[in-house]
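One structure is given below, encoded as structure tokens.
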Amino acid sequence: MSESIKGPAPPSTKLDGSPLRIAIVHSRWNETVIDALVAGTIAKLKATGVKDSNILVQSVPGSFELPLACQKVISGSHVQAGATATDLLGGLTSFTSPNPTSRSGTPAPVSASMPHQPFDAVIAIGVLIKGSTMHFEYICESVSHALMRVQLDTGVPVIFGVLTALTDDQALERAGIGRGHNKGHNHGEDWAAAAVEMASHTRRWA
Ligand code: DLZ
């Protein structure tokens with residue numbers, strides 16, 4: 001069988017994440033897949049030079065909650081300097097360590113003296129797997145439209161890291177943890193690269 005031609009071409013310039021602040025907002029539905037995707041995303045962000053301290057991770061219950069959380073994370077980062085952490089997060093108080101192994105542990109509180117620092121991009125990660133009702137279709141449709149709206153309304157890139165899989169295997173393979181001999185590819189790596197590239201572009205376009 002011939003190899004697939006699908007996938008992104010590499011960017012024309014080397015990705016440099018060293019000056020960037022990136023937020024990851026992820027759902028908790030289908031946790032095995034989510035964990036692999038978030039880990040892959042973080043690993044690639046770091047590989048491009050994004051500093052540990054500039055990666056923030058926020059979880060929400062399900063994919064339906066991603067757009068509002070992304071909007072709050074972005075708008076929270078635009079409050080005036082000197083705001084408290086509570087103001088900064090716009091009510092979202094469970095930012096956790098970027099270390100994926102500690103994501104399910106007790107959330108680390110954000111320092112009350114945390115200065116105002118906007119995010120250069122937000123990566124929304126969710127895993128929707130089709131069931132026997134129309135739930136999947138409604139959530140896929142509304143979440144993809146709403147995430148697009150958040151990025152256009154705010155001008156901050158929101159990376160679409162939402163898998164819309166018809167089967168468990170499709171989801172596992174797109175997180176690089178397929179059950180067959182082909183483990184697949186971790187799409188979190190692509191989302192991280194897209195975030196760094198779009199964040200760099202929008203810094204220049206500002
Ligand atoms: C309810 C639900 C269902 C059935 N399936 C998924 C899913 O596959 N992936 C996902 O991220 N979330 C799912 N949810 C939860 C919804 O996204 C949402 O959290 C709830 O409807 C509460 O608003």
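Order determines the names: the first chain of the structure tokens is A, the second B, and so forth; residues in each chain are numbered 1 upward, and ligands are numbered 1 upward as they are shown.
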
Find the nearest atom pair between each residue of chain A and ligand 1 for residues within 10 Å, count only C-alpha atoms and all ligand atoms, give distances in Å to one decimal, sort rows by chain and ascending number, and present the table as a tab-separated table.
```
residue	atom	partner	partner_atom_place_in_ligand_line	distance
A:His26	CA	ligand 1	11 (O)	8.7
A:Ser27	CA	ligand 1	11 (O)	5.6
A:Arg28	CA	ligand 1	11 (O)	6.7
A:Trp29	CA	ligand 1	11 (O)	4.6
A:Asn30	CA	ligand 1	9 (N)	6.5
A:Glu31	CA	ligand 1	11 (O)	9.3
A:Ile34	CA	ligand 1	11 (O)	9.2
A:Val60	CA	ligand 1	19 (O)	7.8
A:Pro61	CA	ligand 1	19 (O)	5.0
A:Gly62	CA	ligand 1	19 (O)	3.2
A:Ser63	CA	ligand 1	11 (O)	3.6
A:Phe64	CA	ligand 1	17 (O)	3.9
A:Glu65	CA	ligand 1	19 (O)	6.0
A:Leu66	CA	ligand 1	17 (O)	8.3
A:Ile125	CA	ligand 1	11 (O)	8.8
A:Gly126	CA	ligand 1	11 (O)	5.2
A:Val127	CA	ligand 1	9 (N)	5.0
A:Leu128	CA	ligand 1	8 (O)	3.5
A:Ile129	CA	ligand 1	8 (O)	4.3
A:Lys130	CA	ligand 1	8 (O)	6.5
A:Gly131	CA	ligand 1	4 (C)	7.0
A:Ser132	CA	ligand 1	4 (C)	9.2
A:Thr133	CA	ligand 1	4 (C)	8.4
A:Met134	CA	ligand 1	4 (C)	9.2
A:His135	CA	ligand 1	4 (C)	6.0
A:Phe136	CA	ligand 1	5 (N)	6.5
A:Tyr138	CA	ligand 1	17 (O)	9.9
A:Ile139	CA	ligand 1	17 (O)	6.6
A:Cys140	CA	ligand 1	9 (N)	9.0
A:Val143	CA	ligand 1	17 (O)	8.9
A:Val162	CA	ligand 1	11 (O)	8.4
A:Leu163	CA	ligand 1	9 (N)	8.9
A:Thr164	CA	ligand 1	8 (O)	8.3
A:Ala165	CA	ligand 1	8 (O)	8.6
A:Leu166	CA	ligand 1	8 (O)	9.9
A:Asp168	CA	ligand 1	8 (O)	9.9
```

Neighbours of Gly188 in chain A within 10 Å (only C-alpha atoms; same-chain residues fewer than 4 positions away dropped), as a PDB file with N, CA and C atoms, in the first residue's frame?
```pdb
ATOM      1  N   ILE A  34      -6.859  11.765  26.116  1.00  0.00           N
ATOM      2  CA  ILE A  34      -6.538  13.150  26.493  1.00  0.00           C
ATOM      3  C   ILE A  34      -5.139  13.218  27.103  1.00  0.00           C
ATOM      4  N   ALA A  36      -2.541  11.351  26.705  1.00  0.00           N
ATOM      5  CA  ALA A  36      -1.479  11.190  25.699  1.00  0.00           C
ATOM      6  C   ALA A  36      -1.362  12.445  24.836  1.00  0.00           C
ATOM      7  N   LEU A  37      -2.498  13.028  24.485  1.00  0.00           N
ATOM      8  CA  LEU A  37      -2.475  14.226  23.638  1.00  0.00           C
ATOM      9  C   LEU A  37      -1.850  15.409  24.376  1.00  0.00           C
ATOM     10  N   VAL A  38      -2.224  15.569  25.634  1.00  0.00           N
ATOM     11  CA  VAL A  38      -1.677  16.700  26.402  1.00  0.00           C
ATOM     12  C   VAL A  38      -0.161  16.508  26.592  1.00  0.00           C
ATOM     13  N   ALA A  39       0.239  15.280  26.883  1.00  0.00           N
ATOM     14  CA  ALA A  39       1.685  15.009  27.051  1.00  0.00           C
ATOM     15  C   ALA A  39       2.442  15.287  25.751  1.00  0.00           C
ATOM     16  N   GLY A  40       1.866  14.853  24.622  1.00  0.00           N
ATOM     17  CA  GLY A  40       2.517  15.087  23.319  1.00  0.00           C
ATOM     18  C   GLY A  40       2.599  16.571  23.003  1.00  0.00           C
ATOM     19  N   THR A  41       1.557  17.285  23.359  1.00  0.00           N
ATOM     20  CA  THR A  41       1.532  18.735  23.117  1.00  0.00           C
ATOM     21  C   THR A  41       2.616  19.427  23.940  1.00  0.00           C
ATOM     22  N   ILE A  42       2.685  19.075  25.206  1.00  0.00           N
ATOM     23  CA  ILE A  42       3.670  19.719  26.086  1.00  0.00           C
ATOM     24  C   ILE A  42       5.092  19.390  25.628  1.00  0.00           C
ATOM     25  N   ALA A  43       5.320  18.136  25.274  1.00  0.00           N
ATOM     26  CA  ALA A  43       6.674  17.729  24.843  1.00  0.00           C
ATOM     27  C   ALA A  43       7.109  18.532  23.617  1.00  0.00           C
ATOM     28  N   LYS A  44       6.190  18.705  22.667  1.00  0.00           N
ATOM     29  CA  LYS A  44       6.547  19.443  21.446  1.00  0.00           C
ATOM     30  C   LYS A  44       6.719  20.940  21.740  1.00  0.00           C
ATOM     31  N   LEU A  45       5.862  21.492  22.591  1.00  0.00           N
ATOM     32  CA  LEU A  45       6.034  22.913  22.959  1.00  0.00           C
ATOM     33  C   LEU A  45       7.433  23.124  23.519  1.00  0.00           C
ATOM     34  N   ILE A 123      -4.349  26.288  23.165  1.00  0.00           N
ATOM     35  CA  ILE A 123      -4.601  25.010  22.486  1.00  0.00           C
ATOM     36  C   ILE A 123      -5.774  24.338  23.201  1.00  0.00           C
ATOM     37  N   ILE A 125      -7.976  21.182  23.708  1.00  0.00           N
ATOM     38  CA  ILE A 125      -7.855  19.742  23.444  1.00  0.00           C
ATOM     39  C   ILE A 125      -9.073  19.001  23.999  1.00  0.00           C
ATOM     40  N   GLY A 161      -7.640  21.470  18.776  1.00  0.00           N
ATOM     41  CA  GLY A 161      -7.123  20.159  19.175  1.00  0.00           C
ATOM     42  C   GLY A 161      -8.251  19.255  19.639  1.00  0.00           C
ATOM     43  N   VAL A 162      -9.303  19.223  18.871  1.00  0.00           N
ATOM     44  CA  VAL A 162     -10.460  18.390  19.242  1.00  0.00           C
ATOM     45  C   VAL A 162     -10.558  17.236  18.263  1.00  0.00           C
ATOM     46  N   ARG A 174      -4.849   8.512  16.871  1.00  0.00           N
ATOM     47  CA  ARG A 174      -4.507   9.933  16.692  1.00  0.00           C
ATOM     48  C   ARG A 174      -3.836  10.520  17.929  1.00  0.00           C
ATOM     49  N   ALA A 175      -3.703   9.706  18.945  1.00  0.00           N
ATOM     50  CA  ALA A 175      -2.931  10.117  20.126  1.00  0.00           C
ATOM     51  C   ALA A 175      -1.622   9.327  20.215  1.00  0.00           C
ATOM     52  N   GLY A 176      -1.343   8.521  19.190  1.00  0.00           N
ATOM     53  CA  GLY A 176      -0.087   7.752  19.167  1.00  0.00           C
ATOM     54  C   GLY A 176      -0.081   6.544  20.068  1.00  0.00           C
ATOM     55  N   ALA A 192       0.836  21.629  18.932  1.00  0.00           N
ATOM     56  CA  ALA A 192       1.857  22.479  19.565  1.00  0.00           C
ATOM     57  C   ALA A 192       2.622  23.263  18.506  1.00  0.00           C
ATOM     58  N   ALA A 193       2.989  22.592  17.428  1.00  0.00           N
ATOM     59  CA  ALA A 193       3.727  23.278  16.361  1.00  0.00           C
ATOM     60  C   ALA A 193       2.861  24.383  15.748  1.00  0.00           C
ATOM     61  N   ALA A 194       1.572  24.088  15.553  1.00  0.00           N
ATOM     62  CA  ALA A 194       0.661  25.102  14.993  1.00  0.00           C
ATOM     63  C   ALA A 194       0.543  26.291  15.941  1.00  0.00           C
TER      64      ALA A 194
END
```

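With CA of Gln71 in chain A on one side and CA of Ala199 in chain A on the other, the separation reads 16.3 Å.
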
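Distances here use only C-alpha atoms; by that measure, the residue among A:Pro118, A:Gly180, A:Gly49, A:Gly155 closest to Lys14 in chain A is A:Gly49.
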
>> What does the structure give for the distance between CA of Gln117 in chain A and CA of Met148 in chain A, in Å to one decimal?
In response: 22.6 Å

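The spacing separating CA of Ala195 in chain A from CA of Asp120 in chain A amounts to 8.3 Å.
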
> Counting only C-alpha atoms, what is within 6 Å of range 50-53 of chain A, bar same-chain residues fewer than 4 positions away, as a ChimeraX atom specification?
Replying inline: /A:17-18,45-46

Export of prior selection with C-alpha atoms as a JSON list (two decimals), in the first residue's frame:
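Saved the output as result_30.json:
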```
[["chain", "number", "residue", "atom", "x", "y", "z"],
["A", 17, "GLY", "CA", 8.82, 29.08, 21.15],
["A", 18, "SER", "CA", 11.28, 30.66, 23.58],
["A", 45, "LEU", "CA", 6.03, 22.91, 22.96],
["A", 46, "LYS", "CA", 9.16, 22.36, 25.04]]
```

> Excluding same-chain residues fewer than 4 positions from Leu68 in chain A, what lies within 9 Å of it counting only C-alpha atoms, as a count of residues only?
Replying inline: 6
